[in-house]
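Source file: work.cif (mmCIF, C-alpha atoms)
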```cif
data_data
#
loop_
_atom_site.label_atom_id
_atom_site.label_comp_id
_atom_site.auth_asym_id
_atom_site.auth_seq_id
_atom_site.Cartn_x
_atom_site.Cartn_y
_atom_site.Cartn_z
CA MET A 215 104.34 -54.33 177.11
CA LYS A 216 100.97 -55.55 175.92
CA ASN A 217 101.66 -55.67 172.22
CA GLN A 218 104.84 -57.65 172.63
CA SER A 219 102.97 -60.83 173.42
CA PHE A 220 100.89 -60.49 170.25
CA ASP A 221 101.99 -63.23 167.90
CA TYR A 222 101.56 -61.41 164.59
CA ALA A 223 102.76 -64.29 162.45
CA ALA A 224 100.36 -66.72 164.11
CA LYS A 225 97.37 -64.36 163.92
CA THR A 226 97.84 -63.60 160.23
CA ALA A 227 98.26 -67.30 159.50
CA GLU A 228 95.01 -68.00 161.37
CA LEU A 229 93.20 -65.35 159.33
CA GLU A 230 94.48 -66.77 156.04
CA ALA A 231 93.38 -70.25 157.11
CA ILE A 232 89.86 -68.94 157.71
CA VAL A 233 89.69 -67.43 154.21
CA ALA A 234 90.96 -70.72 152.78
CA SER A 235 88.30 -72.66 154.72
CA LEU A 236 85.56 -70.46 153.37
CA GLN A 237 86.90 -70.81 149.84
CA SER A 238 86.89 -74.61 150.05
CA SER A 239 83.14 -74.47 150.93
CA ASP A 240 83.37 -77.74 152.77
CA VAL A 241 81.61 -76.09 155.68
CA SER A 242 77.95 -75.59 156.44
CA LEU A 243 76.34 -72.18 156.13
CA ASP A 244 76.24 -71.91 159.88
CA GLU A 245 79.94 -72.66 160.20
CA ALA A 246 80.70 -70.24 157.38
CA LEU A 247 78.99 -67.40 159.18
CA LYS A 248 80.86 -68.22 162.39
CA LEU A 249 84.17 -68.34 160.54
CA HIS A 250 83.46 -65.01 158.91
CA GLU A 251 82.76 -63.45 162.26
CA LYS A 252 85.97 -64.87 163.71
CA GLY A 253 87.84 -63.55 160.68
CA GLN A 254 86.47 -60.05 161.20
CA LYS A 255 87.53 -60.17 164.84
CA LEU A 256 91.05 -61.16 163.83
CA VAL A 257 91.18 -58.35 161.29
CA ALA A 258 90.31 -55.87 164.04
CA GLU A 259 92.95 -57.30 166.40
CA ILE A 260 95.65 -57.26 163.77
CA GLU A 261 94.79 -53.75 162.68
CA ASP A 262 94.93 -52.54 166.26
CA PHE A 263 98.35 -54.11 166.69
CA LEU A 264 99.71 -52.56 163.50
CA LYS A 265 98.47 -49.14 164.49
CA THR A 266 99.44 -49.06 168.13
CA ALA A 267 102.40 -51.38 168.77
CA GLU A 268 105.74 -49.73 169.60
CA VAL A 269 109.43 -50.50 169.74
CA GLU A 270 110.79 -50.66 173.28
CA ILE A 271 114.51 -49.94 173.78
CA THR A 272 116.40 -51.20 176.84
CA LYS A 273 120.05 -50.39 177.63
CA ARG A 274 122.11 -53.36 178.78
CA THR A 275 125.61 -53.47 180.17
CA VAL A 276 128.29 -56.01 179.48
CA ALA A 277 129.99 -57.27 182.63
CA GLU A 278 133.67 -56.41 182.77
CA GLU A 279 135.85 -59.47 182.77
CA MET B 269 188.08 -48.61 193.14
CA ASP B 270 184.98 -46.60 193.67
CA ASP B 271 182.68 -48.16 196.21
CA GLY B 272 179.54 -47.67 194.12
CA LEU B 273 176.63 -50.06 194.21
CA VAL B 274 177.54 -53.52 192.99
CA PHE B 275 174.78 -55.90 191.92
CA GLY B 276 174.67 -59.61 191.51
CA VAL B 277 173.47 -60.64 188.08
CA SER B 278 169.97 -61.69 189.05
CA ASP B 279 169.60 -58.66 191.29
CA PHE B 280 170.62 -56.39 188.47
CA VAL B 281 168.20 -58.03 186.10
CA ALA B 282 165.46 -57.64 188.70
CA TYR B 283 166.20 -53.97 189.22
CA VAL B 284 166.32 -53.29 185.51
CA ASN B 285 162.93 -54.92 185.18
CA GLN B 286 161.58 -52.82 188.01
CA THR B 287 162.82 -49.70 186.24
CA LEU B 288 161.31 -50.82 182.97
CA GLU B 289 158.03 -51.55 184.66
CA PHE B 290 158.01 -48.15 186.18
CA ALA B 291 158.98 -46.33 183.02
CA TYR B 292 157.10 -48.39 180.45
CA PRO B 293 154.28 -50.24 182.14
CA PHE B 294 152.31 -50.30 178.93
CA VAL B 295 153.49 -48.86 175.65
CA ALA B 296 152.69 -49.05 171.98
CA VAL B 297 155.34 -49.69 169.38
CA ARG B 298 154.94 -49.73 165.64
CA GLY B 299 157.12 -51.52 163.14
CA GLU B 300 157.42 -54.18 160.49
CA ILE B 301 157.25 -57.88 161.25
CA THR B 302 160.15 -60.11 160.44
CA GLU B 303 161.10 -63.63 161.47
CA PHE B 304 157.54 -64.37 162.35
CA LYS B 305 156.86 -67.82 163.76
CA VAL B 306 154.24 -69.58 165.86
CA SER B 307 155.29 -72.45 168.06
CA LYS B 308 153.01 -75.25 169.27
CA ASN B 309 150.04 -73.15 168.17
CA ARG B 310 150.50 -71.12 171.38
CA TRP B 311 153.69 -69.06 171.38
CA VAL B 312 154.37 -66.31 168.91
CA PHE B 313 157.85 -64.97 168.19
CA PHE B 314 158.81 -62.18 165.82
CA THR B 315 161.17 -59.31 165.44
CA LEU B 316 159.78 -55.84 164.97
CA LYS B 317 161.95 -53.54 162.94
CA ASP B 318 162.17 -50.13 161.43
CA GLU B 319 164.90 -48.66 159.18
CA VAL B 320 167.47 -48.69 161.97
CA ALA B 321 166.63 -50.96 164.89
CA LEU B 322 165.25 -54.37 165.81
CA LEU B 323 163.08 -55.36 168.75
CA ARG B 324 162.55 -58.98 169.67
CA CYS B 325 158.95 -59.71 170.55
CA PHE B 326 156.97 -62.43 172.18
CA ALA B 327 153.23 -63.01 172.44
CA THR B 328 150.63 -65.71 172.87
CA VAL B 329 148.30 -66.57 169.99
CA TYR B 330 145.51 -64.74 171.84
CA ALA B 331 147.21 -61.47 171.04
CA LEU B 332 146.98 -62.06 167.32
CA PRO B 333 144.34 -60.33 165.19
CA GLY B 334 144.64 -63.14 162.67
CA PRO B 335 147.41 -64.86 160.70
CA LEU B 336 150.42 -62.60 160.24
CA GLU B 337 153.40 -62.74 157.97
CA ASP B 338 156.69 -61.02 157.47
CA GLY B 339 156.54 -57.58 155.97
CA MET B 340 153.28 -56.57 157.62
CA LEU B 341 153.22 -53.29 159.43
CA VAL B 342 151.83 -53.68 162.92
CA GLN B 343 151.35 -51.85 166.16
CA ILE B 344 151.97 -53.81 169.34
CA SER B 345 150.96 -52.90 172.87
CA GLY B 346 152.63 -54.35 175.89
CA ALA B 347 155.73 -54.01 178.00
CA PRO B 348 159.46 -54.62 177.63
CA LYS B 349 161.26 -57.05 179.89
CA LEU B 350 164.77 -58.21 180.49
CA HIS B 351 164.41 -61.94 180.62
CA GLU B 352 166.59 -63.73 183.14
CA ARG B 353 168.03 -65.99 180.50
CA TYR B 354 166.86 -64.95 177.09
CA GLY B 355 167.71 -61.29 177.10
CA PHE B 356 165.65 -58.28 176.26
CA SER B 357 162.25 -58.88 174.76
CA PHE B 358 158.94 -57.13 174.35
CA THR B 359 155.82 -59.01 175.43
CA ALA B 360 152.90 -57.93 173.27
CA GLN B 361 149.43 -58.07 174.84
CA SER B 362 147.76 -57.08 171.64
CA ILE B 363 148.84 -56.74 168.05
CA SER B 364 146.99 -54.79 165.41
CA LEU B 365 147.59 -54.29 161.73
CA VAL B 366 148.53 -50.85 160.53
CA GLY B 367 147.83 -49.31 157.15
CA GLU B 368 145.60 -50.45 154.33
CA GLY B 369 148.20 -52.80 152.91
CA ALA B 370 148.63 -54.80 156.08
CA LEU B 371 144.93 -54.75 156.83
CA LYS B 372 144.05 -56.04 153.41
CA ARG B 373 146.68 -58.75 153.51
CA GLY B 374 145.64 -59.75 157.01
CA ALA B 375 142.03 -60.09 155.92
CA GLU B 376 143.06 -62.25 152.98
CA LEU B 377 145.07 -64.59 155.17
CA LEU B 378 142.34 -64.84 157.78
CA GLN B 379 139.65 -65.39 155.20
CA ALA B 380 141.57 -68.31 153.71
CA LYS B 381 142.16 -69.79 157.14
CA LEU B 382 138.53 -69.54 158.29
CA ALA B 383 137.03 -70.52 154.94
CA ALA B 384 139.02 -73.74 155.15
CA GLU B 385 137.31 -74.35 158.49
CA GLY B 386 133.93 -73.83 156.86
CA LEU B 387 133.00 -70.77 158.86
CA PHE B 388 131.55 -68.96 155.86
CA ASP B 389 129.59 -71.90 154.42
CA GLU B 390 126.09 -71.09 153.23
CA SER B 391 124.81 -74.22 154.91
CA ARG B 392 125.70 -72.77 158.31
CA LYS B 393 123.52 -69.75 157.84
CA ARG B 394 120.23 -69.75 159.69
CA ALA B 395 117.03 -68.03 158.64
CA LEU B 396 115.96 -65.04 160.70
CA PRO B 397 112.39 -64.99 162.05
CA GLU B 398 109.81 -63.32 159.82
CA VAL B 399 108.40 -61.23 162.62
CA PRO B 400 110.89 -60.78 165.46
CA ARG B 401 109.59 -59.73 168.86
CA HIS B 402 112.81 -59.57 170.87
CA ILE B 403 116.23 -58.65 169.48
CA ALA B 404 119.60 -57.54 170.81
CA MET B 405 121.75 -54.84 169.25
CA VAL B 406 125.52 -54.62 169.77
CA THR B 407 126.76 -51.22 168.74
CA ALA B 408 128.29 -47.94 169.87
CA ALA B 409 125.17 -46.76 171.63
CA ASP B 410 125.49 -43.06 170.85
CA SER B 411 126.52 -43.47 167.24
CA ALA B 412 124.68 -42.31 164.15
CA ALA B 413 124.57 -45.91 162.95
CA SER B 414 122.76 -47.04 166.06
CA ALA B 415 120.34 -44.11 165.81
CA ASP B 416 119.65 -44.92 162.13
CA PHE B 417 118.73 -48.49 162.90
CA ILE B 418 116.42 -47.52 165.73
CA LYS B 419 114.78 -44.78 163.69
CA ILE B 420 113.94 -47.12 160.80
CA ALA B 421 112.87 -49.88 163.18
CA LYS B 422 110.39 -47.57 164.92
CA ALA B 423 109.01 -46.30 161.62
CA ARG B 424 108.49 -49.79 160.25
CA TRP B 425 107.26 -51.94 163.08
CA GLY B 426 106.20 -52.36 166.71
CA GLY B 427 105.61 -54.96 169.38
CA LEU B 428 109.41 -55.29 169.45
CA ARG B 429 111.82 -55.30 172.38
CA VAL B 430 115.39 -54.15 171.58
CA ASP B 431 118.17 -54.72 174.12
CA VAL B 432 121.08 -52.39 173.29
CA TYR B 433 124.58 -53.44 174.34
CA ASP B 434 127.00 -50.55 174.23
CA THR B 435 130.50 -51.39 173.06
CA PHE B 436 133.58 -50.08 171.20
CA VAL B 437 133.37 -50.59 167.48
CA GLN B 438 136.89 -49.40 166.65
CA GLY B 439 140.26 -49.04 168.28
CA GLU B 440 142.49 -51.43 170.10
CA GLN B 441 139.95 -52.45 172.71
CA ALA B 442 137.20 -53.08 170.20
CA PRO B 443 137.84 -56.75 169.42
CA ALA B 444 137.78 -57.82 173.09
CA LYS B 445 134.71 -55.69 173.81
CA LEU B 446 132.82 -56.95 170.78
CA VAL B 447 133.52 -60.54 171.69
CA ALA B 448 132.42 -59.91 175.28
CA ALA B 449 129.17 -58.29 174.08
CA ILE B 450 128.33 -61.14 171.71
CA LYS B 451 129.01 -63.64 174.47
CA ALA B 452 126.89 -61.64 176.93
CA VAL B 453 123.90 -61.73 174.55
CA ASN B 454 124.32 -65.47 174.12
CA ALA B 455 124.38 -65.92 177.88
CA GLU B 456 121.07 -64.15 178.51
CA ALA B 457 118.38 -66.26 180.18
CA ASP B 458 115.76 -64.67 177.95
CA LEU B 459 117.54 -65.26 174.66
CA PRO B 460 116.72 -62.79 171.89
CA GLU B 461 115.72 -64.07 168.45
CA VAL B 462 118.31 -62.05 166.54
CA LEU B 463 121.57 -60.27 167.39
CA VAL B 464 122.14 -57.21 165.26
CA LEU B 465 125.74 -55.95 165.06
CA VAL B 466 125.83 -52.47 163.68
CA ARG B 467 128.36 -49.75 162.92
CA GLY B 468 128.70 -46.98 160.41
CA GLY B 469 131.31 -46.45 157.70
CA GLY B 470 134.97 -45.63 158.31
CA SER B 471 138.51 -46.20 157.17
CA ALA B 472 140.05 -49.63 156.87
CA GLU B 473 141.68 -49.10 160.25
CA ASP B 474 138.38 -48.05 161.84
CA LEU B 475 136.80 -51.26 160.68
CA ALA B 476 139.74 -53.52 161.57
CA ALA B 477 137.93 -55.10 164.53
CA PHE B 478 135.46 -56.72 162.13
CA ASN B 479 138.32 -58.59 160.48
CA HIS B 480 139.78 -59.67 163.83
CA GLU B 481 139.90 -63.42 164.20
CA GLU B 482 138.27 -63.54 167.64
CA VAL B 483 135.40 -61.31 166.55
CA VAL B 484 134.75 -63.33 163.39
CA ARG B 485 134.79 -66.55 165.40
CA ALA B 486 132.39 -65.08 167.95
CA VAL B 487 129.96 -64.16 165.15
CA ALA B 488 130.23 -67.61 163.62
CA SER B 489 129.67 -69.41 166.89
CA SER B 490 126.84 -67.22 168.17
CA ARG B 491 123.85 -69.33 169.20
CA VAL B 492 121.64 -66.37 168.46
CA PRO B 493 121.38 -65.79 164.69
CA MET B 494 123.32 -62.70 163.69
CA LEU B 495 122.64 -59.85 161.33
CA VAL B 496 125.79 -57.80 160.72
CA ALA B 497 125.66 -54.36 159.15
CA ILE B 498 128.90 -52.48 158.66
CA GLY B 499 128.18 -49.36 156.70
CA HIS B 500 130.89 -49.23 154.13
CA GLU B 501 130.99 -49.47 150.40
CA ILE B 502 134.11 -51.29 149.35
CA ASP B 503 135.04 -54.55 150.94
CA VAL B 504 132.95 -56.94 152.93
CA SER B 505 134.37 -57.60 156.39
CA LEU B 506 134.84 -61.17 157.55
CA ALA B 507 132.36 -60.65 160.38
CA GLU B 508 129.74 -59.99 157.71
CA LEU B 509 130.73 -63.15 155.82
CA ALA B 510 130.39 -65.20 159.00
CA ALA B 511 126.98 -63.72 159.85
CA ASP B 512 123.68 -65.42 159.12
CA LEU B 513 122.63 -62.34 157.22
CA ARG B 514 124.48 -59.29 156.04
CA ALA B 515 123.07 -55.79 155.50
CA SER B 516 124.82 -53.00 153.65
CA THR B 517 123.96 -50.31 156.18
CA PRO B 518 122.27 -50.05 159.59
CA SER B 519 119.09 -48.73 157.91
CA ASN B 520 119.14 -51.63 155.47
CA ALA B 521 119.47 -53.97 158.45
CA ALA B 522 116.20 -52.68 159.90
CA GLU B 523 114.53 -53.11 156.51
CA LEU B 524 115.73 -56.69 156.13
CA LEU B 525 114.82 -57.62 159.66
CA LEU B 526 111.39 -56.10 160.11
CA PRO B 527 108.16 -56.04 158.10
CA ASP B 528 106.70 -52.69 157.08
CA LYS B 529 103.46 -51.97 158.89
CA GLN B 530 102.13 -49.87 156.00
CA HIS B 531 102.50 -52.80 153.64
CA GLU B 532 100.94 -55.09 156.19
CA LEU B 533 97.94 -52.79 156.59
CA VAL B 534 97.39 -52.83 152.83
CA ARG B 535 97.65 -56.61 152.85
CA LEU B 536 95.18 -56.74 155.71
CA ARG B 537 92.66 -54.67 153.74
CA HIS B 538 92.93 -57.15 150.88
CA VAL B 539 92.43 -60.10 153.17
CA GLU B 540 89.47 -58.35 154.79
CA ARG B 541 87.91 -57.86 151.37
CA SER B 542 88.48 -61.46 150.35
CA LEU B 543 86.91 -62.53 153.61
CA ASP B 544 83.73 -60.70 152.61
CA ASP B 545 83.90 -61.76 148.96
CA VAL B 546 84.36 -65.38 149.89
CA LEU B 547 81.39 -65.32 152.21
CA LYS B 548 79.25 -63.67 149.54
CA ALA B 549 80.33 -66.29 147.00
CA PHE B 550 79.58 -68.99 149.54
CA ILE B 551 76.05 -67.69 150.14
CA SER B 552 75.51 -67.14 146.42
CA SER B 553 76.41 -70.68 145.60
CA ARG B 554 74.10 -71.89 148.34
CA ARG B 555 71.29 -69.67 146.98
CA ILE B 556 71.71 -71.10 143.50
CA SER B 557 71.38 -74.56 144.92
CA LEU B 558 68.23 -73.43 146.71
CA GLU B 559 66.78 -72.04 143.47
CA GLN B 560 67.57 -75.23 141.64
CA TYR B 561 65.94 -77.22 144.40
CA LYS B 562 62.83 -75.06 144.20
CA ILE B 563 62.54 -75.60 140.45
CA VAL B 564 62.83 -79.36 140.87
CA LEU B 565 60.21 -79.25 143.60
CA ASP B 566 57.79 -77.21 141.46
CA GLN B 567 58.18 -79.60 138.57
CA SER B 568 57.53 -82.66 140.61
CA LEU B 569 54.51 -80.95 142.17
CA GLN B 570 53.11 -80.18 138.73
CA THR B 571 53.49 -83.75 137.67
CA SER B 572 51.75 -85.03 140.78
CA LEU B 573 48.90 -82.61 140.22
CA GLU B 574 48.38 -83.73 136.65
CA THR B 575 48.35 -87.33 137.72
CA ALA B 576 45.79 -86.56 140.42
CA LYS B 577 43.57 -84.64 138.01
CA THR B 578 43.54 -87.54 135.60
CA ALA B 579 42.74 -89.93 138.41
CA VAL B 580 39.82 -87.82 139.55
CA LYS B 581 38.51 -87.52 136.00
CA ASN B 582 38.66 -91.27 135.55
CA LEU B 583 36.92 -91.87 138.84
CA SER B 584 34.13 -89.47 138.10
CA GLN B 585 33.55 -91.14 134.75
CA LEU B 586 33.45 -94.48 136.50
CA LEU B 587 31.15 -93.10 139.09
CA TYR B 588 28.79 -91.81 136.41
CA ALA B 589 28.78 -95.18 134.67
CA PHE B 590 27.50 -96.83 137.83
CA SER B 591 25.00 -94.13 138.59
CA PRO B 592 21.47 -95.40 139.10
CA MET B 593 20.18 -92.39 137.20
CA LEU B 594 21.63 -93.63 133.95
CA PRO B 595 18.86 -96.17 133.24
CA LEU B 596 16.29 -93.42 133.73
CA GLU B 597 18.02 -91.47 130.95
CA ARG B 598 17.61 -94.51 128.80
CA GLY B 599 13.87 -94.70 129.44
CA TYR B 600 13.58 -97.09 132.33
CA ALA B 601 11.50 -96.38 135.43
CA LEU B 602 12.51 -96.66 139.03
CA VAL B 603 9.83 -98.04 141.36
CA LYS B 604 9.73 -97.14 145.08
CA ASP B 605 7.31 -97.94 147.84
CA ASN B 606 5.70 -95.23 149.91
CA ALA B 607 8.68 -95.37 152.33
CA GLY B 608 11.00 -94.50 149.50
CA ARG B 609 12.57 -97.90 149.25
CA GLN B 610 13.31 -99.24 145.81
CA ILE B 611 11.06 -102.14 144.66
CA SER B 612 12.65 -104.78 142.49
CA SER B 613 10.41 -107.76 143.34
CA ILE B 614 6.69 -108.60 143.77
CA LYS B 615 7.49 -110.01 147.16
CA GLY B 616 5.88 -108.03 149.93
CA ILE B 617 3.58 -106.19 147.59
CA ALA B 618 -0.14 -106.36 148.23
CA MET B 619 -3.13 -105.29 146.21
CA GLY B 620 -3.89 -101.66 146.73
CA ASP B 621 -0.29 -100.66 147.81
CA VAL B 622 0.76 -97.22 146.72
CA LEU B 623 3.92 -97.28 144.63
CA GLN B 624 5.95 -94.39 143.29
CA ILE B 625 7.17 -94.54 139.73
CA GLN B 626 10.18 -92.36 138.95
CA VAL B 627 10.95 -91.66 135.33
CA LYS B 628 13.55 -89.36 133.82
CA ASP B 629 11.39 -86.29 133.92
CA GLY B 630 9.29 -86.81 137.05
CA ILE B 631 7.61 -89.04 139.59
CA MET B 632 4.05 -90.63 139.66
CA ASP B 633 2.01 -92.24 142.40
CA SER B 634 0.21 -95.52 141.41
CA GLU B 635 -1.92 -98.20 142.99
CA VAL B 636 -1.34 -101.94 142.56
CA LYS B 637 -4.29 -103.42 140.63
CA ASN B 638 -2.92 -106.78 139.64
CA ILE B 639 0.04 -108.99 140.60
CA GLN B 640 1.32 -111.62 138.25
CA LYS B 641 4.35 -113.77 138.98
CA GLY B 642 6.94 -114.99 136.44
CA LYS B 643 9.84 -113.79 134.29
CA LEU B 644 9.04 -112.07 131.04
#
```

Written form, structure tokens:
Amino acid sequence: MKNQSFDYAAKTAELEAIVASLQSSDVSLDEALKLHEKGQKLVAEIEDFLKTAEVEITKRTVAEE
Amino acid sequence: MDDGLVFGVSDFVAYVNQTLEFAYPFVAVRGEITEFKVSKNRWVFFTLKDEVALLRCFATVYALPGPLEDGMLVQISGAPKLHERYGFSFTAQSISLVGEGALKRGAELLQAKLAAEGLFDESRKRALPEVPRHIAMVTAADSAASADFIKIAKARWGGLRVDVYDTFVQGEQAPAKLVAAIKAVNAEADLPEVLVLVRGGGSAEDLAAFNHEEVVRAVASSRVPMLVAIGHEIDVSLAELAADLRASTPSNAAELLLPDKQHELVRLRHVERSLDDVLKAFISSRRISLEQYKIVLDQSLQTSLETAKTAVKNLSQLLYAFSPMLPLERGYALVKDNAGRQISSIKGIAMGDVLQIQVKDGIMDSEVKNIQKGKL
């Protein structure tokens, strides 16, 4: 299931780190533009996950002792 | 004397046991506990009674639902036996508490016992993952409780794998089945992140399994963190106290466990906007610096220009001061030969040479008539 390997916690943390980097303005203009682009890509990925990911149910049996 | 069948003692005992086995292979008996004692932490002896009769009983500690005491009403399941030496006795395979009174008292006793062991300590409780991706659910698979949990889970989140383990959540077999299910989850190669134990509401007897010592111990010792949701209003079961997290109902369990994708989408929009705002602010602050730099540049350029202008003005004044034309303005004449060269000496001048005399307002040709040496 494709969306099950999507690490939502990690991706949102990455996005927040990008915003923090841009806010600190320790980066060059060039880097800032690249970060912004990466951030937009992450936003799109995360949005896609939130809108399309599903819950998958599997029935399991307990072995009789 | 009648020649009927005559048995030896041991034979008779054996035959009686055969008959008992045939007639009562497995029965349930209900009564009140008296003379309860546990020996060597393994053997349990008590007498079950009602208003009229007594029944001596034997069991191992594994049959116990928890600590018991005299006066409790219980139901035992097992078989009667005529012991070779010790007489008639009932061997109980399982013992369960009957009636609210006994159930409540049993829970109290068990809670005290397990609390003393530290099973309910806050420090033992583990945090559940913020965003689970793989969980297990132990429940009665076709129950409303199970359906509630799944419904809320699907509405809230995705990218989640749920392994459902079907089990009994009430009745005599429930404790053993629940323990087996919890152990099965813990034995999986691909261990889930959370084990959710879920059942709906019911009477005190329906929920008895969740106050059974073996079940509570299984919850406490689960390697996989456990979320227990028993949907009832009044008392909290001991399984819930031993869990890492407790939910009041199966729906509440899904809410505690999973984020809400609608909330997350709103949060994402905010982050998206701050991403843009922050970039704009970044560029703005850079632009201001650029403006400031431009102003500084202009100013320094202005200054340089002024300095240059002054320098040029000074130079041109200097140049004018050294101009050969200045003496002419003052009334002197400039003398040149016919080749245009300036004459400043009599040397090389002969009588009759043509000389040009330049004065401030014109030029005259002249002929040398007389040469006289000496300073004047």

One number please: atom CA of Ser411 of chain B to atom CA of His500 of chain B, in Å, one decimal.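 That distance, rounded to one decimal, is 15.0 Å.
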
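Applied to this file, the PyMOL selection byres ((chain A) within 7 of (chain B)) selects Asn217, Gln218, Ala223, Val233, Leu236, Gln237, Ser239, His250, Val257, Glu261, Leu264, Ala267, Glu268, Val269, Glu270, Ile271, Thr272, Lys273, Arg274, Thr275 and Val276 of chain A.
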
Go ahead and save the residues from that selection, with C-alpha atoms, as a tab-separated table (two decimals), in the coordinates of the input.
```
chain	number	residue	atom	x	y	z
A	217	ASN	CA	101.66	-55.67	172.22
A	218	GLN	CA	104.84	-57.65	172.63
A	223	ALA	CA	102.76	-64.29	162.45
A	233	VAL	CA	89.69	-67.43	154.21
A	236	LEU	CA	85.56	-70.46	153.37
A	237	GLN	CA	86.90	-70.81	149.84
A	239	SER	CA	83.14	-74.47	150.93
A	250	HIS	CA	83.46	-65.01	158.91
A	257	VAL	CA	91.18	-58.35	161.29
A	261	GLU	CA	94.79	-53.75	162.68
A	264	LEU	CA	99.71	-52.56	163.50
A	267	ALA	CA	102.40	-51.38	168.77
A	268	GLU	CA	105.74	-49.73	169.60
A	269	VAL	CA	109.43	-50.50	169.74
A	270	GLU	CA	110.79	-50.66	173.28
A	271	ILE	CA	114.51	-49.94	173.78
A	272	THR	CA	116.40	-51.20	176.84
A	273	LYS	CA	120.05	-50.39	177.63
A	274	ARG	CA	122.11	-53.36	178.78
A	275	THR	CA	125.61	-53.47	180.17
A	276	VAL	CA	128.29	-56.01	179.48
```

For each of B:Phe388, B:Val306, B:Leu288, B:Ala395, take the minimum atom-to-atom distance to Ser357 of chain B, counting only C-alpha atoms, then give the residue where this is smallest.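 Looking only at the distances to Ser357 of chain B, the closest residue turns out to be B:Leu288.
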
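Proximity ranking of A:Ser238, A:Phe220, A:Ala231, A:Thr266 relative to Lys252 of chain A places A:Ala231 first, based on all atoms listed in the file.
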
Using 8 Å as the limit and counting only C-alpha atoms, can you tabulate each residue of segment 366-477 of chain B that touches segment 328-334 of chain B, with its shortest atom-to-atom distance in Å and the two atoms involved, as a tab-separated table?
```
residue	atom	partner	partner_atom	distance
B:Gly374	CA	B:Gly334	CA	6.7
B:Ala375	CA	B:Gly334	CA	7.9
B:Leu377	CA	B:Gly334	CA	7.7
B:Leu378	CA	B:Gly334	CA	5.7
```

Output file for the selection above: C-alpha atoms, as a tab-separated table (two decimals), in the frame of the given file:
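Output file result_27.tsv follows:
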```tsv
chain	number	residue	atom	x	y	z
B	374	GLY	CA	145.64	-59.75	157.01
B	375	ALA	CA	142.03	-60.09	155.92
B	377	LEU	CA	145.07	-64.59	155.17
B	378	LEU	CA	142.34	-64.84	157.78
```

Given the PyMOL selection byres ((chain B and resi 486) around 9), the residues it picks as a ChimeraX atom specification: /B:446-448,450-451,481-485,487-490,507

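Here atom CA of Leu463 of chain B is placed at a distance of 18.8 Å from atom CA of Gln438 of chain B.
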
Given the file shown, determine the residues that the PyMOL selection byres ((chain B and resi 296) around 8) selects; report them as a list in words.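 When the PyMOL selection byres ((chain B and resi 296) around 8) is applied to the shown file, the picked residues are Phe294, Val295, Val297, Arg298, Gln343, Ile344, Ser345 and Gly346 of chain B.
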
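One finds atom CA of Ala246 of chain A at 16.7 Å from atom CA of Leu558 of chain B.
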